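As provided, work-v4.txt (compact mmCIF, C-alpha atoms) reads as follows.
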# COMPACT_ATOMS: atom_id res chain seq x y z
CA MET G 77 141.67 101.77 83.83
CA SER G 78 137.96 102.65 83.61
CA VAL G 79 135.32 100.57 85.40
CA PRO G 80 133.84 99.29 82.09
CA ALA G 81 137.35 98.07 81.21
CA LEU G 82 137.57 96.35 84.60
CA ILE G 83 134.26 94.58 83.91
CA SER G 84 135.66 93.40 80.57
CA LYS G 85 138.74 92.11 82.36
CA LEU G 86 136.57 90.20 84.84
CA GLU G 87 134.58 88.76 81.94
CA ALA G 88 137.74 87.54 80.22
CA THR G 89 138.74 85.08 82.96
CA ASN G 90 136.93 82.03 84.31
CA SER G 91 139.31 81.69 87.24
CA ARG G 92 137.81 82.55 90.61
CA LEU G 93 141.26 83.40 91.94
CA ASN G 94 141.92 85.73 89.01
CA LYS G 95 138.62 87.51 89.61
CA GLU G 96 139.46 87.92 93.28
CA SER G 97 142.87 89.32 92.32
CA ILE G 98 141.30 91.85 89.95
CA VAL G 99 138.80 92.99 92.57
CA GLY G 100 141.64 93.31 95.03
CA THR G 101 143.51 95.72 92.77
CA ILE G 102 140.49 98.03 92.66
CA ILE G 103 140.62 98.62 96.42
CA GLY G 104 142.58 101.83 96.99
CA SER G 105 142.53 102.77 93.30
CA PRO G 106 140.83 105.85 91.78
CA ASP G 107 138.01 103.53 90.64
CA GLU G 108 137.27 102.22 94.13
CA TYR G 109 134.15 104.27 94.85
CA GLU G 110 132.53 103.85 91.45
CA PHE G 111 133.12 100.09 91.25
CA PHE G 112 132.02 99.16 94.75
CA ASP G 113 129.11 101.59 94.88
CA GLY G 114 127.88 100.29 91.53
CA ALA G 115 128.34 96.70 92.69
CA LYS G 116 126.16 97.42 95.73
CA LEU G 117 123.45 98.87 93.51
CA ALA G 118 123.60 95.86 91.19
CA LEU G 119 123.98 93.03 93.71
CA ASN G 120 122.03 94.20 96.75
CA SER G 121 118.65 92.44 96.40
CA LEU G 122 116.86 95.13 98.40
CA VAL G 123 117.83 97.85 95.91
CA THR G 124 115.38 97.71 93.01
CA PHE G 125 114.64 100.10 90.17
CA GLY G 126 111.18 99.03 89.02
CA ILE G 127 112.15 98.67 85.36
CA LYS G 128 112.54 95.49 83.38
CA LYS G 129 113.69 96.18 79.83
CA ILE G 130 116.89 98.18 79.38
CA PRO G 131 118.02 98.71 75.77
CA THR G 132 121.61 98.28 74.62
CA ARG G 133 123.46 101.19 73.04
CA SER G 134 125.02 101.20 69.57
CA GLY G 135 126.29 103.67 67.01
CA LYS G 136 128.26 106.78 67.84
CA ASP G 137 129.34 107.30 71.44
CA GLY G 138 127.58 109.89 73.53
CA PRO G 139 129.62 112.63 75.27
CA GLY G 140 129.95 110.47 78.39
CA LEU G 141 127.97 110.31 81.63
CA ASP G 142 129.93 110.54 84.87
CA TYR G 143 129.08 107.98 87.55
CA GLN G 144 127.97 110.57 90.13
CA SER G 145 125.28 111.87 87.77
CA PHE G 146 124.17 108.33 86.92
CA ALA G 147 123.93 107.27 90.57
CA LEU G 148 122.03 110.45 91.48
CA ALA G 149 119.51 109.77 88.74
CA LEU G 150 118.92 106.27 90.12
CA THR G 151 117.55 107.76 93.34
CA GLY G 152 114.27 108.43 91.55
CA PHE G 153 113.99 104.79 90.51
CA ILE G 154 114.84 103.47 93.96
CA ASN G 155 112.31 105.64 95.84
CA ARG G 156 109.76 105.16 93.04
CA SER G 157 109.39 108.87 92.32
CA LEU G 158 110.22 107.87 88.73
CA THR G 159 107.96 105.16 87.32
CA GLY G 160 106.27 104.26 84.05
CA ASN G 161 106.91 106.56 81.10
CA ALA G 162 108.90 108.99 83.24
CA ALA G 163 111.30 106.20 84.19
CA ARG G 164 111.69 105.04 80.59
CA GLU G 165 112.39 108.58 79.44
CA ALA G 166 115.03 108.96 82.17
CA VAL G 167 116.70 105.75 80.98
CA ASP G 168 116.74 107.05 77.41
CA ARG G 169 118.36 110.32 78.51
CA MET G 170 121.09 108.53 80.47
CA MET G 171 121.75 106.17 77.60
CA ALA G 172 122.03 109.05 75.12
CA LYS G 173 124.70 110.75 77.23
CA SER G 174 126.76 107.60 77.86
CA THR G 175 129.47 106.09 75.70
CA ASN G 176 128.73 102.60 74.37
CA ASP G 177 131.10 100.97 76.85
CA GLN G 178 129.83 103.00 79.78
CA TRP G 179 126.28 101.97 79.05
CA ASN G 180 126.55 98.40 77.80
CA LEU G 181 129.29 97.19 80.15
CA TRP G 182 128.40 99.10 83.30
CA TYR G 183 125.31 101.31 83.67
CA ARG G 184 122.94 98.97 81.83
CA ARG G 185 124.12 96.00 83.89
CA ILE G 186 123.54 97.91 87.12
CA LEU G 187 119.99 98.66 86.03
CA LEU G 188 119.49 95.00 85.11
CA LYS G 189 121.01 94.02 88.49
CA ASP G 190 123.38 91.61 86.80
CA LEU G 191 127.07 92.45 86.32
CA ASP G 192 127.24 89.49 83.90
CA CYS G 193 130.94 88.85 84.48
CA GLY G 194 130.83 85.56 86.36
CA MET G 195 131.05 87.16 89.78
CA SER G 196 128.62 87.46 92.67
CA GLU G 197 128.59 89.43 95.89
CA LYS G 198 130.34 86.47 97.55
CA THR G 199 133.52 87.13 95.56
CA ILE G 200 133.47 90.86 96.30
CA ASN G 201 132.74 90.38 99.99
CA LYS G 202 135.47 87.78 100.40
CA VAL G 203 138.07 90.15 98.96
CA CYS G 204 136.82 93.09 101.02
CA LYS G 205 136.84 91.04 104.21
CA ASN G 206 140.37 89.79 103.55
CA GLN G 207 141.58 93.35 102.99
CA LYS G 208 139.69 94.61 106.06
CA ARG G 209 137.43 96.88 104.02
CA LYS G 210 134.01 95.82 105.27
CA ASP G 211 132.70 99.25 104.31
CA LEU G 212 132.94 98.17 100.66
CA MET G 213 131.03 94.91 101.11
CA VAL G 214 127.71 94.30 99.36
CA PRO G 215 124.83 93.94 101.87
CA VAL G 216 123.57 90.35 101.87
CA PHE G 217 119.82 89.74 101.90
CA SER G 218 118.80 88.08 105.15
CA CYS G 219 115.62 87.50 107.15
CA GLN G 220 115.05 86.04 110.60
CA LEU G 221 115.55 82.28 110.74
CA ALA G 222 114.76 79.81 113.50
CA LYS G 223 117.06 77.44 115.32
CA ASP G 224 116.10 73.84 115.97
CA SER G 225 114.64 73.29 119.40
CA GLU G 226 116.52 70.77 121.49
CA GLY G 227 113.24 69.33 122.71
CA VAL G 228 113.35 71.17 126.03
CA GLU G 229 110.09 72.91 126.89
CA PRO G 230 110.47 76.72 126.90
CA THR G 231 109.92 78.88 129.96
CA GLY G 232 107.92 82.05 130.54
CA SER G 233 105.32 83.29 128.07
CA VAL G 234 105.84 82.33 124.42
CA ALA G 235 103.90 82.61 121.18
CA ILE G 236 103.14 79.32 119.44
CA GLU G 237 102.41 78.92 115.73
CA VAL G 238 102.16 75.87 113.51
CA LYS G 239 105.18 75.36 111.26
CA LEU G 240 104.06 75.57 107.65
CA ASP G 241 105.63 73.47 104.91
CA GLY G 242 105.60 75.98 102.07
CA VAL G 243 107.73 78.71 100.50
CA ARG G 244 109.10 81.49 102.71
CA VAL G 245 108.27 84.81 101.06
CA ILE G 246 109.47 88.26 102.06
CA THR G 247 107.08 90.89 100.70
CA ILE G 248 108.01 94.57 100.51
CA VAL G 249 105.14 97.03 100.20
CA TYR G 250 105.84 100.59 99.01
CA PRO G 251 102.80 102.82 99.71
CA ASN G 252 101.78 105.39 97.10
CA GLY G 253 99.37 107.52 99.09
CA ASP G 254 95.81 106.84 98.01
CA GLU G 255 97.03 104.96 94.94
CA LYS G 256 97.78 101.26 94.80
CA ALA G 257 100.97 100.25 96.57
CA THR G 258 103.98 98.80 94.77
CA VAL G 259 104.68 95.25 95.91
CA GLU G 260 107.84 93.18 95.51
CA GLN G 261 108.44 89.63 96.70
CA TYR G 262 111.63 87.72 97.48
CA SER G 263 112.68 84.29 98.63
CA ARG G 264 114.47 83.98 101.97
CA ASN G 265 117.77 84.27 100.06
CA GLY G 266 116.81 87.43 98.19
CA LYS G 267 115.79 85.92 94.85
CA VAL G 268 112.99 87.90 93.22
CA LEU G 269 109.69 85.99 93.08
CA GLU G 270 107.39 87.06 90.27
CA ASN G 271 104.84 84.25 90.04
CA PHE G 272 102.49 85.13 92.91
CA SER G 273 100.64 87.87 91.04
CA VAL G 274 97.29 87.09 92.71
CA ILE G 275 98.86 87.72 96.11
CA ARG G 276 100.60 90.92 95.02
CA ALA G 277 97.38 92.25 93.51
CA GLU G 278 95.61 92.00 96.88
CA LEU G 279 98.49 93.59 98.75
CA GLU G 280 98.64 96.44 96.25
CA GLU G 281 95.13 97.34 97.44
CA ALA G 282 95.75 96.73 101.15
CA GLY G 283 99.17 98.38 101.19
CA SER G 284 97.72 101.87 100.79
CA VAL G 285 97.19 101.92 104.57
CA PHE G 286 100.94 102.14 105.18
CA THR G 287 102.70 105.46 105.61
CA GLU G 288 106.18 104.02 105.01
CA PRO G 289 107.61 101.01 103.15
CA MET G 290 106.96 97.83 105.11
CA VAL G 291 108.18 94.23 105.06
CA LEU G 292 105.63 91.45 105.46
CA ASP G 293 107.12 88.09 106.42
CA GLY G 294 105.22 84.90 105.70
CA GLU G 295 104.90 81.53 104.02
CA VAL G 296 103.07 80.74 100.79
CA MET G 297 101.07 77.52 100.83
CA SER G 298 99.01 75.73 98.21
CA ALA G 299 97.19 72.43 97.97
CA SER G 300 100.39 70.57 97.06
CA PHE G 301 103.91 71.50 98.13
CA GLN G 302 105.38 69.68 95.12
CA ASP G 303 103.10 71.54 92.71
CA LEU G 304 103.87 74.84 94.45
CA MET G 305 107.62 74.34 94.04
CA LYS G 306 107.14 73.69 90.33
CA GLN G 307 105.42 77.06 89.95
CA VAL G 308 107.74 79.28 92.01
CA HIS G 309 110.26 80.09 89.27
CA ARG G 310 108.37 78.91 86.17
CA LYS G 311 108.73 81.26 83.20
CA SER G 312 105.46 80.35 81.46
CA ASN G 313 102.16 78.55 82.11
CA VAL G 314 102.26 79.73 85.71
CA ASP G 315 99.36 78.56 87.88
CA THR G 316 99.40 79.84 91.46
CA LYS G 317 95.71 80.68 91.78
CA ASP G 318 95.35 78.48 94.88
CA ALA G 319 98.40 80.01 96.61
CA ILE G 320 97.81 81.74 99.95
CA LEU G 321 100.34 83.92 101.75
CA HIS G 322 100.14 83.28 105.50
CA LEU G 323 101.70 86.30 107.23
CA PHE G 324 103.33 86.02 110.62
CA ASP G 325 105.44 89.18 110.99
CA ILE G 326 105.72 92.81 109.93
CA ILE G 327 108.55 95.35 110.24
CA PRO G 328 109.49 98.67 108.60
CA LEU G 329 111.72 98.29 105.55
CA LYS G 330 114.33 100.63 107.05
CA ASP G 331 114.69 98.24 110.01
CA PHE G 332 114.88 95.22 107.72
CA LYS G 333 117.71 96.87 105.80
CA ALA G 334 119.46 97.70 109.07
CA GLY G 335 119.24 94.05 110.11
CA MET G 336 117.05 94.46 113.19
CA CYS G 337 113.69 95.82 114.33
CA LYS G 338 113.65 96.68 118.04
CA GLN G 339 109.89 96.27 118.33
CA THR G 340 109.15 93.09 120.27
CA GLN G 341 107.46 90.01 118.88
CA ALA G 342 104.33 90.92 120.86
CA GLN G 343 104.32 94.50 119.53
CA ARG G 344 104.80 93.34 115.96
CA ARG G 345 101.93 90.90 116.30
CA ILE G 346 99.59 93.71 117.36
CA LYS G 347 100.81 95.73 114.39
CA LEU G 348 100.07 92.82 112.04
CA GLU G 349 96.59 92.38 113.53
CA ASN G 350 95.92 96.10 113.06
CA PHE G 351 97.04 95.83 109.45
CA PHE G 352 94.46 93.13 108.77
CA THR G 353 91.76 95.05 110.63
CA SER G 354 92.41 98.14 108.52
CA PHE G 355 91.30 96.47 105.29
CA ALA G 356 88.60 94.19 106.68
CA ASP G 357 86.23 95.40 103.95
CA LEU G 358 88.48 94.00 101.22
CA GLN G 359 87.94 90.42 100.10
CA MET G 360 91.37 88.88 100.65
CA LEU G 361 91.35 85.38 99.20
CA HIS G 362 95.10 84.93 98.91
CA VAL G 363 96.45 86.69 102.00
CA ALA G 364 95.81 85.49 105.54
CA MET G 365 97.27 85.93 109.02
CA LEU G 366 98.82 82.83 110.55
CA GLY G 367 97.15 81.88 113.79
CA GLN G 368 99.11 82.33 116.99
CA GLU G 369 98.50 81.45 120.63
CA VAL G 370 100.34 82.80 123.66
CA VAL G 371 101.11 80.06 126.18
CA HIS G 372 102.29 80.67 129.74
CA MET G 373 104.88 77.97 130.35
CA ASP G 374 105.32 78.78 134.03
CA THR G 375 101.97 77.12 134.82
CA GLU G 376 100.96 73.47 134.59
CA ALA G 377 97.97 74.47 132.45
CA GLY G 378 100.31 76.28 130.06
CA ARG G 379 102.67 73.32 129.76
CA LYS G 380 99.74 71.02 129.13
CA ARG G 381 98.40 73.35 126.45
CA PHE G 382 101.84 73.54 124.83
CA ARG G 383 101.99 69.76 124.50
CA GLN G 384 98.44 69.68 123.15
CA ILE G 385 99.22 72.24 120.44
CA ASN G 386 102.33 70.25 119.60
CA ASN G 387 100.39 67.00 119.23
CA ASP G 388 97.55 68.63 117.31
CA ALA G 389 100.01 70.18 114.84
CA VAL G 390 101.48 66.78 114.02
CA ALA G 391 98.07 65.16 113.76
CA ALA G 392 96.96 67.87 111.34
CA GLY G 393 99.93 67.22 109.06
CA TYR G 394 102.04 70.27 109.87
CA GLU G 395 105.82 70.08 110.12
CA GLY G 396 105.67 70.95 113.80
CA ILE G 397 105.43 74.19 115.73
CA MET G 398 107.29 77.49 116.01
CA ILE G 399 108.11 78.86 119.45
CA LYS G 400 108.65 82.64 119.55
CA THR G 401 109.95 84.77 122.42
CA LEU G 402 107.44 87.54 123.08
CA ASP G 403 109.87 90.28 124.13
CA ALA G 404 112.47 89.61 121.40
CA PRO G 405 113.24 91.90 118.45
CA TYR G 406 113.27 90.82 114.80
CA ARG G 407 116.85 90.05 113.84
CA CYS G 408 117.89 89.27 110.27
CA LYS G 409 119.84 86.13 111.09
CA ARG G 410 119.35 82.70 112.63
CA THR G 411 118.40 83.18 116.27
CA ASP G 412 116.95 81.22 119.16
CA ASP G 413 114.31 83.94 119.57
CA TRP G 414 112.49 81.68 117.12
CA GLU G 415 112.73 77.93 117.61
CA LYS G 416 111.26 75.24 115.42
CA LEU G 417 110.10 72.06 117.10
CA LYS G 418 109.38 69.14 114.84
CA PRO G 419 107.90 66.64 117.28
CA PHE G 420 107.96 62.96 116.49
CA ILE G 421 104.96 60.74 116.17
CA GLU G 422 104.72 57.15 117.34
CA VAL G 423 102.95 54.52 115.25
CA SER G 424 102.38 50.85 116.08
CA LEU G 425 102.88 48.62 113.04
CA GLU G 426 103.15 44.89 112.39
CA VAL G 427 106.47 43.40 111.25
CA VAL G 428 105.69 41.62 107.94
CA ASP G 429 109.16 41.06 106.50
CA PHE G 430 112.87 41.86 106.78
CA GLU G 431 115.78 43.29 104.83
CA GLU G 432 119.32 42.07 105.37
CA GLY G 433 121.93 44.71 106.03
CA ASP G 434 125.08 45.29 104.00
CA LYS G 435 128.73 46.02 104.73
CA LYS G 436 129.15 45.89 108.53
CA TYR G 437 125.59 44.64 108.87
CA THR G 438 125.84 41.77 106.40
CA GLY G 439 124.25 38.75 108.06
CA LYS G 440 122.36 41.04 110.42
CA LEU G 441 119.14 43.05 110.28
CA GLY G 442 119.09 45.95 107.82
CA ALA G 443 115.46 46.97 108.24
CA LEU G 444 112.10 45.80 109.50
CA ILE G 445 109.35 45.98 106.89
CA CYS G 446 106.25 47.10 108.74
CA GLU G 447 102.60 47.53 107.84
CA GLY G 448 99.49 48.72 109.61
CA VAL G 449 96.72 51.26 109.85
CA ASP G 450 97.06 54.49 111.83
CA SER G 451 94.57 57.36 111.82
CA GLY G 452 92.71 55.61 109.01
CA LYS G 453 95.82 55.50 106.80
CA GLU G 454 97.34 52.26 105.50
CA ILE G 455 101.06 52.52 106.15
CA ARG G 456 103.94 50.44 104.80
CA VAL G 457 107.47 51.45 105.69
CA ASN G 458 111.02 50.10 105.96
CA VAL G 459 112.43 50.88 109.40
CA GLY G 460 116.21 50.79 109.26
CA SER G 461 117.40 52.91 112.18
CA GLY G 462 117.09 52.91 115.95
CA PHE G 463 118.65 49.46 116.52
CA THR G 464 121.76 48.57 118.48
CA ASP G 465 124.26 46.18 116.88
CA ASP G 466 123.16 43.46 119.29
CA GLU G 467 119.50 43.99 118.37
CA ARG G 468 120.32 43.76 114.66
CA GLU G 469 121.96 40.39 115.24
CA GLU G 470 119.24 39.14 117.58
CA TYR G 471 116.27 40.13 115.42
CA TRP G 472 117.85 38.74 112.25
CA THR G 473 118.64 35.42 113.93
CA ASN G 474 115.11 35.18 115.37
CA ARG G 475 113.15 36.38 112.33
CA LYS G 476 110.44 33.75 112.76
CA LYS G 477 109.74 34.95 116.29
CA VAL G 478 109.90 38.63 115.39
CA LYS G 479 107.61 38.39 112.34
CA GLY G 480 104.09 39.37 113.39
CA MET G 481 105.28 41.37 116.40
CA ILE G 482 104.04 44.93 116.80
CA ALA G 483 106.84 47.47 116.51
CA GLU G 484 106.48 50.94 117.94
CA VAL G 485 108.01 53.27 115.35
CA ARG G 486 108.90 56.92 115.83
CA ALA G 487 108.88 59.24 112.83
CA ASP G 488 108.66 62.91 111.93
CA ALA G 489 105.34 62.59 110.09
CA ILE G 490 103.08 60.38 108.01
CA THR G 491 103.70 60.97 104.31
CA LYS G 492 101.60 60.10 101.28
CA ASN G 493 103.05 58.12 98.39
CA GLN G 494 102.17 58.76 94.76
CA ASN G 495 100.12 55.54 94.60
CA GLY G 496 97.87 56.72 97.42
CA THR G 497 99.42 54.60 100.16
CA TYR G 498 101.26 56.08 103.14
CA SER G 499 104.72 55.87 104.63
CA LEU G 500 106.68 57.59 107.41
CA ARG G 501 109.26 60.37 107.26
CA PHE G 502 112.52 59.40 109.00
CA PRO G 503 111.21 56.25 110.75
CA ARG G 504 113.22 54.81 113.65
CA PHE G 505 112.55 51.76 115.81
CA LYS G 506 111.65 52.36 119.45
CA THR G 507 110.54 49.04 120.91
CA PHE G 508 108.18 46.11 120.49
CA ARG G 509 104.71 46.38 121.98
CA GLY G 510 103.42 43.51 124.10
CA PHE G 511 104.88 40.08 124.49
CA ASN G 512 102.97 38.09 121.90
CA LYS G 513 102.53 38.49 118.16
CA GLY G 514 99.94 41.09 117.29
CA GLU G 515 99.64 42.26 120.90
CA LYS G 516 99.28 45.99 121.52
CA ILE G 517 99.48 47.27 125.06
What does this structure look like when you write it as structure tokens?
Amino acid sequence: MSVPALISKLEATNSRLNKESIVGTIIGSPDEYEFFDGAKLALNSLVTFGIKKIPTRSGKDGPGLDYQSFALALTGFINRSLTGNAAREAVDRMMAKSTNDQWNLWYRRILLKDLDCGMSEKTINKVCKNQKRKDLMVPVFSCQLAKDSEGVEPTGSVAIEVKLDGVRVITIVYPNGDEKATVEQYSRNGKVLENFSVIRAELEEAGSVFTEPMVLDGEVMSASFQDLMKQVHRKSNVDTKDAILHLFDIIPLKDFKAGMCKQTQAQRRIKLENFFTSFADLQMLHVAMLGQEVVHMDTEAGRKRFRQINNDAVAAGYEGIMIKTLDAPYRCKRTDDWEKLKPFIEVSLEVVDFEEGDKKYTGKLGALICEGVDSGKEIRVNVGSGFTDDEREEYWTNRKKVKGMIAEVRADAITKNQNGTYSLRFPRFKTFRGFNKGEKI
């Protein structure tokens, strides 16, 4: 059975188990290399061809194009030695040689990076893993991710950054000598991002300084996170003119594909600083370098500074801070070389009302309704966690005494409501302040 026929067979069933069975039969068959190599080309996010529109084929079949010749021709697209008109002409030549089924069911879909048969790399990789053929698996797009800090202060020397609340963007820059670089952008999961054209335009200019393809890791921010998310994948009426890419890391593309860059965090930071210095004469309005401070945690001054940065980050409205190990490599997985610390805030608010609980808390306190002003912001929030069962019973029974007391509430951050008032993210009760109503101590 030819590979185009196998694709048709995969198209014909909606059953995940049937698809897995079909893929399983290909392993060890004469079609093994062509199918799995083509699947890697189509489904590996880091393999791109730089062409968008691929025509379908109709009419009389061509003489046939063997897969080896097709795959060899794709090398020019992948390394960008074939672009523009030359690339389109190469596509036309391959299409003319192919049969209709070869082209429409297989080669065209590889070029479009969509096998269009209801199957992703997850299905292929599951089958390959089960049959102990990891060599046939499709590489999965992955960048370095942080683990949650357990709240324990780090030791030694670490780099501290604020934790941005935006869209993680992996940018790949392909230098073209003295010409403008080619720039591609992806989400943290490998989905192509096409709507940050103002950012790419600046990096096309700056990227000419590179001598090899590079990966720039960062976060895109705009005035409103909600508005930014609406624009990320919009097909029309895109407005990202206020978007800014804040870069915090840089590694060679070859290392990113390999899953690790051995250069340390400190070395990569110097490399990123040098990159920005190299195009200082360019007006970069949409690309910036995220600030970073090295803190020496083995000194009392360093520990004090760490806590100050932490508090300042929360006060400024950031999600928290990132703690990065200076001598660690970049690894394309979740690792404790990066830790994210989302510190809580504490706000003192007056208890103005109550909500009764339900189910096991029927007849007991469900939540305290609290109001007050903190940092010039009028806050109203329902606080429903942080109580013991005994406290829920006590506070509900003694509502008259509790009303007007000042509750100290912990939360992740102050949030703004659509009506202009403020609330708290993940509020939890800590204690009452003072002994009398309205007393703050």
Between CA of Ser121 (chain G) and CA of Asp168 (chain G), what is the spacing in Å?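 These atoms are spaced 24.0 Å apart.
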Contacts of Asp488 (chain G) at 9 Å (all atoms listed in the file; same-chain gap of 2+ positions) as JSON, numbers by chain: {"G": [390, 395, 396, 418, 419, 420, 421, 422, 486, 490, 500, 501, 502, 503]}
Atoms to include: C-alpha atoms. Write the selected residues as a CSV table (one decimal), keeping the file's coordinate frame.
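Ended up saving to selection.csv:
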chain,number,residue,atom,x,y,z
G,390,VAL,CA,101.5,66.8,114.0
G,395,GLU,CA,105.8,70.1,110.1
G,396,GLY,CA,105.7,71.0,113.8
G,418,LYS,CA,109.4,69.1,114.8
G,419,PRO,CA,107.9,66.6,117.3
G,420,PHE,CA,108.0,63.0,116.5
G,421,ILE,CA,105.0,60.7,116.2
G,422,GLU,CA,104.7,57.2,117.3
G,486,ARG,CA,108.9,56.9,115.8
G,490,ILE,CA,103.1,60.4,108.0
G,500,LEU,CA,106.7,57.6,107.4
G,501,ARG,CA,109.3,60.4,107.3
G,502,PHE,CA,112.5,59.4,109.0
G,503,PRO,CA,111.2,56.2,110.8
I'd like the neighbourhood of Leu402 (chain G) as a list in words, where a residue qualifies if any of its atoms comes within 8 Å (using all atoms listed in the file), though same-chain residues fewer than 4 positions away should be ignored.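 Answer for this query is Ser233, Val234, Ala235, Thr340, Gln341 and Ala342 of chain G.
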Could you write those residues out with C-alpha atoms, as a tab-separated table (two decimals), in the coordinates of the input?
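Once written, again22.tsv looks like this:
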chain	number	residue	atom	x	y	z
G	233	SER	CA	105.32	83.29	128.07
G	234	VAL	CA	105.84	82.33	124.42
G	235	ALA	CA	103.90	82.61	121.18
G	340	THR	CA	109.15	93.09	120.27
G	341	GLN	CA	107.46	90.01	118.88
G	342	ALA	CA	104.33	90.92	120.86
Can you tell me how far CA of Trp472 (chain G) sits from CA of Glu484 (chain G), in Å to one decimal?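 Atom-to-atom, CA of Trp472 (chain G) and CA of Glu484 (chain G) are spaced 17.6 Å apart.
Across G:Ala149, G:Leu366, G:Ile200, G:Met77, the tightest approach to Phe112 (chain G) is made by G:Ile200 when counting all atoms listed in the file.
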Length of the CA of Thr353 (chain G) to CA of Phe332 (chain G) vector [Å]: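 Interatomic distance, CA of Thr353 (chain G) to CA of Phe332 (chain G): 23.3 Å.
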With a distance cut-off of 10 Å and only C-alpha atoms, select the neighbouring residues of Ile154 (chain G), excluding the residue or stretch itself and same-chain residues fewer than 4 positions from it, and output the selection as a compact mmCIF listing (two decimals) with C-alpha atoms, in the coordinates of the input.
# COMPACT_ATOMS: atom_id res chain seq x y z
CA LEU G 117 123.45 98.87 93.51
CA LEU G 122 116.86 95.13 98.40
CA VAL G 123 117.83 97.85 95.91
CA THR G 124 115.38 97.71 93.01
CA PHE G 125 114.64 100.10 90.17
CA GLY G 126 111.18 99.03 89.02
CA ALA G 149 119.51 109.77 88.74
CA LEU G 150 118.92 106.27 90.12
CA LEU G 158 110.22 107.87 88.73
CA THR G 159 107.96 105.16 87.32
